Every structure is written in structure tokens, then in C-alpha cells.
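K.L.:
The file below is final.cif, mmCIF, C-alpha atoms and all ligand atoms:
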data_data
loop_
_atom_site.label_atom_id
_atom_site.label_comp_id
_atom_site.auth_asym_id
_atom_site.auth_seq_id
_atom_site.Cartn_x
_atom_site.Cartn_y
_atom_site.Cartn_z
CA MET A 1 182.63 209.85 152.82
CA SER A 2 185.83 210.02 154.74
CA ARG A 3 184.75 209.63 158.37
CA MET A 4 183.74 206.21 159.60
CA PRO A 5 180.48 205.85 161.52
CA GLY A 6 181.24 204.32 164.91
CA ALA A 7 184.76 205.75 165.09
CA VAL A 8 185.51 208.62 167.49
CA TRP A 9 186.48 211.58 165.30
CA ARG A 10 189.64 213.30 166.64
CA PRO A 11 191.31 215.28 163.83
CA VAL A 12 195.06 215.90 164.16
CA VAL A 13 197.49 218.38 162.59
CA ASN A 14 199.79 215.67 161.20
CA ALA A 15 197.96 215.08 157.92
CA HIS A 16 198.58 215.90 154.27
CA LYS A 17 195.50 217.59 152.82
CA ASN A 18 194.13 216.03 149.61
CA GLY A 19 197.21 213.84 149.39
CA VAL A 20 195.54 210.50 148.72
CA LEU A 21 196.21 209.16 145.22
CA GLU A 22 194.66 205.67 145.34
CA HIS A 23 192.45 203.57 147.61
CA ARG A 24 194.46 200.36 147.65
CA GLY A 25 193.50 199.20 151.12
CA LEU A 26 194.73 199.25 154.70
CA VAL A 27 198.13 198.82 156.40
CA LEU A 28 198.16 197.09 159.79
CA HIS A 29 200.49 198.62 162.42
CA VAL A 30 201.30 198.04 166.08
CA GLN A 31 201.54 200.98 168.45
CA ASP A 32 204.22 199.33 170.65
CA GLY A 33 202.64 201.19 173.56
CA ASN A 34 199.33 201.84 175.25
CA HIS A 35 196.69 204.58 175.50
CA SER A 36 195.40 206.84 172.75
CA PRO A 37 198.18 208.32 170.58
CA TYR A 38 196.05 211.40 169.89
CA GLY A 39 198.34 213.86 171.71
CA TYR A 40 201.40 212.53 169.94
CA PHE A 41 199.68 212.61 166.54
CA ASN A 42 198.47 216.16 167.13
CA ASN A 43 201.99 217.40 167.88
CA PRO A 44 203.50 218.96 164.72
CA ALA A 45 207.03 218.31 166.02
CA LYS A 46 206.42 214.54 165.83
CA GLN A 47 205.30 214.31 162.18
CA VAL A 48 203.58 210.99 162.92
CA SER A 49 199.93 209.90 162.69
CA SER A 50 197.61 207.20 161.36
CA ASP A 51 194.08 207.11 159.95
CA PHE A 52 192.81 204.93 162.80
CA TRP A 53 193.74 203.51 166.19
CA VAL A 54 192.03 200.55 167.84
CA SER A 55 192.41 200.02 171.59
CA THR A 56 192.61 196.61 173.26
CA THR A 57 188.97 197.11 174.27
CA GLY A 58 187.88 197.80 170.69
CA ARG A 59 187.55 201.59 170.85
CA ILE A 60 188.16 203.09 167.39
CA GLU A 61 189.59 206.59 166.98
CA GLN A 62 189.96 208.27 163.58
CA TYR A 63 192.44 211.11 163.08
CA VAL A 64 192.36 212.16 159.41
CA GLU A 65 189.83 212.39 156.55
CA THR A 66 190.50 208.89 155.28
CA GLY A 67 190.60 208.54 151.51
CA VAL A 68 191.13 212.30 151.03
CA ASP A 69 193.96 213.39 153.34
CA TYR A 70 196.74 211.01 154.28
CA ALA A 71 198.29 210.28 157.65
CA PHE A 72 202.04 210.00 158.34
CA ALA A 73 202.22 206.27 159.00
CA GLN A 74 204.17 204.47 156.27
CA HIS A 75 206.21 207.09 154.39
CA LEU A 76 206.03 206.41 150.62
CA GLY A 77 202.99 204.19 151.15
CA ASN A 78 200.93 207.02 152.63
CA PRO A 79 199.21 208.23 149.41
CA TYR A 80 198.09 204.71 148.49
CA TYR A 81 196.97 202.92 151.66
CA ALA A 82 195.12 204.00 154.78
CA SER A 83 196.61 202.97 158.13
CA VAL A 84 195.47 201.52 161.43
CA GLU A 85 197.51 201.54 164.63
CA THR A 86 196.69 198.84 167.17
CA GLU A 87 197.31 199.31 170.88
CA GLY A 88 199.81 196.96 172.53
CA HIS A 89 203.10 195.34 171.54
CA PRO A 90 204.42 193.32 168.57
CA ASP A 91 204.92 190.11 170.57
CA ILE A 92 201.30 190.13 171.82
CA ALA A 93 198.38 189.15 169.60
CA LEU A 94 195.43 191.47 168.95
CA THR A 95 192.56 191.03 171.40
CA ALA A 96 189.24 189.72 170.05
CA ALA A 97 187.86 193.25 170.47
CA GLN A 98 190.70 194.64 168.36
CA VAL A 99 190.14 192.09 165.61
CA GLU A 100 186.49 193.12 165.63
CA GLY A 101 187.38 196.82 165.51
CA VAL A 102 189.82 196.47 162.62
CA ALA A 103 187.26 194.27 160.81
CA HIS A 104 184.67 197.05 161.11
CA ILE A 105 187.16 199.54 159.68
CA TYR A 106 187.91 197.21 156.80
CA ALA A 107 184.22 196.53 156.11
CA TRP A 108 183.64 200.30 155.97
CA GLY A 109 186.62 200.70 153.61
CA ASN A 110 185.29 197.96 151.37
CA SER A 111 181.92 199.62 150.96
CA THR A 112 183.32 203.16 150.80
CA PHE A 113 186.46 202.73 148.68
CA GLY A 114 186.23 199.19 147.30
CA TRP A 115 189.11 197.77 149.39
CA PRO A 116 189.11 194.11 148.30
CA LEU A 117 188.40 191.47 150.93
CA HIS A 118 191.73 189.70 151.02
CA VAL A 119 195.17 189.72 152.64
CA VAL A 120 198.25 190.77 150.65
CA ASP A 121 201.95 190.99 151.48
CA SER A 122 202.62 193.83 149.10
CA THR A 123 203.23 197.57 148.68
CA THR A 124 201.29 197.72 145.39
CA GLN A 125 198.46 195.16 145.40
CA PRO A 126 195.08 196.17 146.87
CA GLY A 127 194.05 194.55 150.14
CA LEU A 128 195.00 194.30 153.82
CA THR A 129 198.79 194.54 154.04
CA TRP A 130 201.32 195.28 156.83
CA HIS A 131 203.86 197.97 157.59
CA GLY A 132 207.17 196.06 157.58
CA VAL A 133 206.66 194.72 154.06
CA GLY A 134 207.46 198.19 152.73
CA GLY A 135 211.07 198.11 153.96
CA ASP A 136 213.02 201.36 154.06
CA ALA A 137 210.72 203.04 151.53
CA TRP A 138 207.93 202.69 154.08
CA GLY A 139 210.02 204.00 156.96
CA GLY A 140 212.01 200.90 157.87
CA HIS A 141 209.81 199.18 160.50
CA PRO A 142 210.34 195.46 159.80
CA HIS A 143 208.78 194.36 163.12
CA CYS A 144 205.54 196.30 162.70
CA PRO A 145 203.01 194.85 163.47
CA GLY A 146 204.81 191.59 164.44
CA ASP A 147 204.20 188.00 163.35
CA LYS A 148 201.26 187.38 165.68
CA ARG A 149 199.28 190.38 164.45
CA LYS A 150 200.24 189.77 160.82
CA ALA A 151 198.82 186.25 161.12
CA GLN A 152 195.48 187.63 162.36
CA ARG A 153 194.78 189.47 159.12
CA GLY A 154 192.94 186.48 157.64
CA ARG A 155 190.55 186.48 160.60
CA ILE A 156 190.04 190.25 160.19
CA ILE A 157 189.07 189.78 156.54
CA SER A 158 186.71 186.87 157.21
CA ARG A 159 185.03 188.85 159.99
CA ALA A 160 184.74 191.93 157.73
CA THR A 161 183.09 189.73 155.11
CA GLU A 162 180.59 188.51 157.73
CA ILE A 163 179.85 192.07 158.86
CA LEU A 164 179.13 193.16 155.29
CA ALA A 165 176.85 190.16 154.70
CA LEU A 166 174.89 190.87 157.90
CA GLU A 167 174.42 194.52 156.94
CA THR A 168 172.89 193.54 153.61
CA ASP A 169 170.86 190.57 154.83
CA GLY A 170 167.37 190.64 153.29
CA GLU A 171 168.15 193.35 150.74
CA PRO A 172 167.27 192.77 147.09
CA SER A 173 170.18 192.04 144.78
CA ILE A 174 170.91 193.10 141.22
CA ASP A 175 172.47 190.74 138.68
CA LEU A 176 175.19 192.93 137.16
CA GLY A 177 175.55 190.75 134.06
CA ARG A 178 171.85 191.06 133.17
CA LEU A 179 171.92 194.81 133.79
CA ILE A 180 174.93 195.29 131.52
CA THR A 181 173.29 193.24 128.76
CA LEU A 182 170.15 195.37 129.07
CA THR A 183 172.15 198.62 128.99
CA ARG A 184 174.21 197.61 125.96
CA SER A 185 171.10 196.61 124.03
CA ASN A 186 169.68 200.08 124.66
CA LEU A 187 172.91 201.74 123.52
CA GLY A 188 172.79 199.73 120.28
CA ALA A 189 169.97 199.63 117.77
CA ALA A 190 168.89 196.09 118.50
CA GLN A 191 165.23 195.31 118.16
CA GLY A 192 163.56 193.84 121.19
CA HIS A 193 165.38 194.39 124.44
CA PRO A 194 166.09 191.71 127.01
CA ALA A 195 163.83 192.65 129.92
CA TYR A 196 165.12 193.03 133.46
CA PRO A 197 162.43 195.15 135.13
CA ASP A 198 163.35 194.36 138.74
CA GLY A 199 166.96 195.39 138.34
CA ALA A 200 166.25 198.44 136.19
CA ARG A 201 163.64 199.75 138.65
CA LEU A 202 166.01 199.46 141.61
CA VAL A 203 168.70 201.41 139.79
CA GLU A 204 166.29 204.03 138.47
CA GLY A 205 164.80 204.51 141.93
CA ALA A 206 168.26 205.03 143.37
CA LEU A 207 169.29 207.50 140.64
CA HIS A 208 166.02 209.36 141.20
CA ALA A 209 166.72 209.57 144.94
CA GLU A 210 170.19 210.94 144.14
CA GLY A 211 168.57 213.74 142.12
CA LEU A 212 170.07 212.50 138.86
CA LEU A 213 166.93 211.19 137.14
CA ASP A 214 163.58 212.99 136.97
CA ASN A 215 161.27 210.31 135.67
CA ILE A 216 161.26 206.66 136.54
CA SER A 217 160.06 204.42 133.74
CA THR A 218 157.85 201.54 134.75
CA ASP A 219 158.50 199.19 131.88
CA GLY A 220 161.79 197.88 133.19
CA ASP A 221 163.79 199.32 130.35
CA PHE A 222 167.15 201.03 130.89
CA GLU A 223 166.57 204.00 128.66
CA CYS A 224 168.81 206.75 127.33
CA LEU A 225 167.92 209.10 130.18
CA THR A 226 168.76 206.39 132.68
CA ILE A 227 172.11 205.75 131.00
CA THR A 228 172.83 209.49 131.04
CA ALA A 229 171.90 209.62 134.72
CA TYR A 230 174.10 206.63 135.47
CA ALA A 231 177.03 208.31 133.72
CA ALA A 232 176.44 211.33 136.00
CA TRP A 233 176.58 208.99 139.01
CA GLN A 234 179.90 207.60 137.77
CA ARG A 235 181.30 211.10 137.34
CA ARG A 236 180.16 211.96 140.87
CA LEU A 237 182.35 209.07 142.05
CA GLY A 238 185.32 210.50 140.18
CA TYR A 239 185.14 208.52 136.94
CA GLU A 240 186.47 210.50 134.00
CA GLY A 241 186.07 210.42 130.22
CA ALA A 242 185.17 207.04 128.79
CA GLU A 243 185.04 205.53 132.28
CA ALA A 244 181.76 207.37 132.81
CA ASP A 245 179.94 205.72 129.92
CA GLY A 246 176.69 205.01 131.77
CA VAL A 247 177.18 201.24 131.63
CA PRO A 248 176.98 199.96 135.21
CA ASP A 249 180.16 198.45 136.68
CA HIS A 250 180.58 196.63 139.95
CA LEU A 251 182.16 199.39 142.03
CA SER A 252 179.78 202.19 141.07
CA LEU A 253 176.70 199.95 141.33
CA ALA A 254 177.78 198.57 144.71
CA LYS A 255 178.23 202.13 146.01
CA LEU A 256 174.78 203.07 144.76
CA GLY A 257 173.37 199.95 146.39
CA ARG A 258 175.00 200.73 149.72
CA ARG A 259 173.16 204.05 149.77
CA HIS A 260 169.83 202.72 148.53
CA GLY A 261 169.44 199.24 149.95
CA PHE A 262 170.42 196.70 147.32
CA THR A 263 173.38 194.40 146.76
CA VAL A 264 175.16 193.36 143.57
CA THR A 265 175.89 189.87 142.29
CA ALA A 266 178.31 189.25 139.44
ZN ZN A 301 203.91 200.67 161.75
#
Now, as a test, write the supplied structure out as C-alpha cells.

P.N.:
Amino acid sequence: MSRMPGAVWRPVVNAHKNGVLEHRGLVLHVQDGNHSPYGYFNNPAKQVSSDFWVSTTGRIEQYVETGVDYAFAQHLGNPYYASVETEGHPDIALTAAQVEGVAHIYAWGNSTFGWPLHVVDSTTQPGLTWHGVGGDAWGGHPHCPGDKRKAQRGRIISRATEILALETDGEPSIDLGRLITLTRSNLGAAQGHPAYPDGARLVEGALHAEGLLDNISTDGDFECLTITAYAAWQRRLGYEGAEADGVPDHLSLAKLGRRHGFTVTA
């Protein structure tokens, strides 16, 4: 999953293949100009690009395989954060349509990569940050995206949170704590398992649909085969070694839920 539904896909040459190292979040930029930067980003002599661009009318263009390849937007920050350029100038606030567009990008990044739903002023902490905070190491653009746009990041996050809640409205939810207790009791030799049939069935149904689990038990247990299948799901997401132990964790369960219609509560 590296292309965002709803964004216009316009791949450019200025991208580093398989260069992404971490999914820390998104960096807000200002274009300091108008009209799509596609031609500029697709010119190898320029060595400039971004993951996304949002026009003043809310049009979203995507230029690289976000989360896999990185764009040339914030120098040493490129392997760690995705980037969004916003049409217009640093002394002018984002339009409502732009706030909405960036919020949709962030909501997609939250469900796809686990970008946390908060604002940071940092080059290391996960969240929605801004270009200038990186100083010279990030290319030396202290006035990108400008104070007005920086101040709109809180609104972008709250709108992204609303978008995610609307998308999952009415879906069943799984209590992660109960599921973990159930899984651990099955890994141990304890007599008499704590039952959580609703949660276990949702997860088993999802693992079955992913082709990782042949048989779905009906007793609400979280059996060895289910734990093995869950570990395979974790490995599919890139978990390695002891990380893929088959015990559900928030990120892997939330990703499974996004694909199979359930949400996760702590
Ligand atoms: Zn910038």
C-alpha cells in the first residue's frame, strides 16, 4: 500500500527507490508558487520532489510510492518522513479545501503506516511536523511552510481523526487487552481459558480471508493455529524474529481491522 486512494497518481523521476527507512509521519511544506509542480518534479536536473501536493482547491497529486520510495523534499529527513507540498505562499494560510486534503492524506497515513494523530516540532518524533524545524540538515528552509500554515496542523490532525472515526462508524470493535489475555493463556498451560468469542471470531475470520488460516474455530478460543496464522500476518507486515510472536499488538491488529471491517480499542 503506497498509493493513496483519491490522490491523482503522477509518478516522477526524482525519487529514491526503496529508500524509506521508517514511517515517522508527514512533513508540511509550502510550494511558494502555484499550479502543479509535476513538471518540475519530473525533471532530473532539478532533483526536487515531494510525496504529495495539495492545490488550493483540494486536488491531491501523489508523485512517489509513499512509504517505499522517498521523495527529495527535506534532505536528511527524506528516509524517515513523507512530505506534502501545499500550493500558495508562506504568508497565506491554507484554504479549507487544503486543510481537508492534507487531513485525508494524514488519515490514510495513519491507517496505512501508523502515523500517530498528533503535531510535533521535531525531526525524530513521529507525527505531523514541518520543514523548517530540520534546519540545515533538512535543506535549510526555515520559512517553510510559514507560521500560518504551521499553526493549522492541529486542525489537520483533528479533522483526520474525524475522518477516521467516520470511516469506521458502525464497525465492530475488538478489545485488544482481552484478546492479548486470551492469546497468552493459550500459549501457557493454564487450565480454563478466559473466553472472548466475539473478538477471536473477528480475527480468525480476517486471517482466513487473508489466506493465512484454513479452519475457523467456533468456540471463541484463540488456538495454536490461530496464533501461528497471526504470526504470519505480522511477518507479512515486516515484523521480524520475536516481534512476530503471534500475540496481537495494536498496529498489526488495526491494519487487519482496516482490511476486514473492525476497529481496535485499547
Ligand atoms: Zn519545504

K.L.:
Could the residues that lie within 8 Å of ligand ZN 301 (chain A), counting only C-alpha atoms and all ligand atoms, be listed as JSON, numbers by chain?

P.N.:
{"A": [28, 29, 30, 31, 73, 74, 85, 130, 131, 132, 141, 144, 145]}

K.L.:
In file coordinates, which residues lie within 6 Å of (192.0, 192.6, 159.4) using all atoms listed in the file, given as a PyMOL selection string?

P.N.:
chain A and resi 102-103+153+156-157

K.L.:
Between CA of Ile227 (chain A) and CA of Asp249 (chain A), what distance in Å does the model show, to one decimal?

P.N.:
12.3 Å

K.L.:
Interatomic distance between CA of Ala82 (chain A) and CA of Tyr70 (chain A)?

P.N.:
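About the pair CA of Ala82 (chain A) and CA of Tyr70 (chain A): they are 7.2 Å apart.
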
K.L.:
In Å, with one decimal, what is the gap from CA of Phe222 (chain A) to CA of Leu182 (chain A)?

P.N.:
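The value is 6.7 Å.
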
K.L.:
So, counting only C-alpha atoms, which residue among A:Asn14, A:Gly139, A:Ile174, A:Thr129 is closest to Ala254 (chain A)?

P.N.:
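Using only C-alpha atoms, the shortest distance to Ala254 (chain A) belongs to A:Ile174.
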
K.L.:
Would you mind telling me which residue in A:Ala7, A:Ala93, A:Leu213, A:Leu253 lies nearest to Lys148 (chain A) when using only C-alpha atoms?

P.N.:
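Of A:Ala7, A:Ala93, A:Leu213, A:Leu253, the one nearest Lys148 (chain A), counting only C-alpha atoms, is A:Ala93.
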
K.L.:
Let me make sure I understand: among A:Glu210, A:Glu223, A:Glu204, A:Asp169, which one has the smallest atom-to-atom distance to Ser185 (chain A) if we use all atoms listed in the file?

P.N.:
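Of all the options, A:Glu223 lies closest to Ser185 (chain A).
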
K.L.:
Taking (172.6, 204.1, 134.1) as a centre in this file's frame and 12 Å as the limit, can you find every polymer residue with an atom that close, using only C-alpha atoms, and give them as number ranges by chain?

P.N.:
A: 176, 179-180, 182-184, 186-187, 199-208, 212-213, 216, 221-235, 244-249, 252-253, 256

K.L.:
Can you write out the residues you just picked, keeping C-alpha atoms, as a PDB file, in the coordinates of the input?

P.N.:
ATOM      1  CA  LEU A 176     175.190 192.930 137.160  1.00  0.00           C
ATOM      2  CA  LEU A 179     171.920 194.810 133.790  1.00  0.00           C
ATOM      3  CA  ILE A 180     174.930 195.290 131.520  1.00  0.00           C
ATOM      4  CA  LEU A 182     170.150 195.370 129.070  1.00  0.00           C
ATOM      5  CA  THR A 183     172.150 198.620 128.990  1.00  0.00           C
ATOM      6  CA  ARG A 184     174.210 197.610 125.960  1.00  0.00           C
ATOM      7  CA  ASN A 186     169.680 200.080 124.660  1.00  0.00           C
ATOM      8  CA  LEU A 187     172.910 201.740 123.520  1.00  0.00           C
ATOM      9  CA  GLY A 199     166.960 195.390 138.340  1.00  0.00           C
ATOM     10  CA  ALA A 200     166.250 198.440 136.190  1.00  0.00           C
ATOM     11  CA  ARG A 201     163.640 199.750 138.650  1.00  0.00           C
ATOM     12  CA  LEU A 202     166.010 199.460 141.610  1.00  0.00           C
ATOM     13  CA  VAL A 203     168.700 201.410 139.790  1.00  0.00           C
ATOM     14  CA  GLU A 204     166.290 204.030 138.470  1.00  0.00           C
ATOM     15  CA  GLY A 205     164.800 204.510 141.930  1.00  0.00           C
ATOM     16  CA  ALA A 206     168.260 205.030 143.370  1.00  0.00           C
ATOM     17  CA  LEU A 207     169.290 207.500 140.640  1.00  0.00           C
ATOM     18  CA  HIS A 208     166.020 209.360 141.200  1.00  0.00           C
ATOM     19  CA  LEU A 212     170.070 212.500 138.860  1.00  0.00           C
ATOM     20  CA  LEU A 213     166.930 211.190 137.140  1.00  0.00           C
ATOM     21  CA  ILE A 216     161.260 206.660 136.540  1.00  0.00           C
ATOM     22  CA  ASP A 221     163.790 199.320 130.350  1.00  0.00           C
ATOM     23  CA  PHE A 222     167.150 201.030 130.890  1.00  0.00           C
ATOM     24  CA  GLU A 223     166.570 204.000 128.660  1.00  0.00           C
ATOM     25  CA  CYS A 224     168.810 206.750 127.330  1.00  0.00           C
ATOM     26  CA  LEU A 225     167.920 209.100 130.180  1.00  0.00           C
ATOM     27  CA  THR A 226     168.760 206.390 132.680  1.00  0.00           C
ATOM     28  CA  ILE A 227     172.110 205.750 131.000  1.00  0.00           C
ATOM     29  CA  THR A 228     172.830 209.490 131.040  1.00  0.00           C
ATOM     30  CA  ALA A 229     171.900 209.620 134.720  1.00  0.00           C
ATOM     31  CA  TYR A 230     174.100 206.630 135.470  1.00  0.00           C
ATOM     32  CA  ALA A 231     177.030 208.310 133.720  1.00  0.00           C
ATOM     33  CA  ALA A 232     176.440 211.330 136.000  1.00  0.00           C
ATOM     34  CA  TRP A 233     176.580 208.990 139.010  1.00  0.00           C
ATOM     35  CA  GLN A 234     179.900 207.600 137.770  1.00  0.00           C
ATOM     36  CA  ARG A 235     181.300 211.100 137.340  1.00  0.00           C
ATOM     37  CA  ALA A 244     181.760 207.370 132.810  1.00  0.00           C
ATOM     38  CA  ASP A 245     179.940 205.720 129.920  1.00  0.00           C
ATOM     39  CA  GLY A 246     176.690 205.010 131.770  1.00  0.00           C
ATOM     40  CA  VAL A 247     177.180 201.240 131.630  1.00  0.00           C
ATOM     41  CA  PRO A 248     176.980 199.960 135.210  1.00  0.00           C
ATOM     42  CA  ASP A 249     180.160 198.450 136.680  1.00  0.00           C
ATOM     43  CA  SER A 252     179.780 202.190 141.070  1.00  0.00           C
ATOM     44  CA  LEU A 253     176.700 199.950 141.330  1.00  0.00           C
ATOM     45  CA  LEU A 256     174.780 203.070 144.760  1.00  0.00           C
TER      46      LEU A 256
END

K.L.:
Smallest atom-to-atom distance to Asn78 (chain A): which of A:Gly25, A:Pro11, A:Gly188, A:Pro5, using all atoms listed in the file?

P.N.:
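Smallest separation from Asn78 (chain A) among the options: A:Gly25.
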
K.L.:
If you take all atoms listed in the file and a cut-off of 9 Å, which residues of region 138-190 of chain A touch region 107-127 of chain A, and what are their nearest atom pairs and distances in Å to one decimal, in chain and number order, as a tab-separated table?

P.N.:
residue	atom	partner	partner_atom	distance
A:Trp138	CA	A:Thr123	CA	8.8
A:Arg153	CA	A:Val119	CA	6.5
A:Gly154	CA	A:Val119	CA	6.4
A:Ile157	CA	A:Leu117	CA	5.9
A:Ser158	CA	A:Leu117	CA	8.0
A:Arg159	CA	A:Ala107	CA	8.6
A:Ala160	CA	A:Ala107	CA	4.9
A:Thr161	CA	A:Ala107	CA	7.0
A:Glu162	CA	A:Ala107	CA	9.0
A:Ile163	CA	A:Ala107	CA	6.8
A:Leu164	CA	A:Ala107	CA	6.2
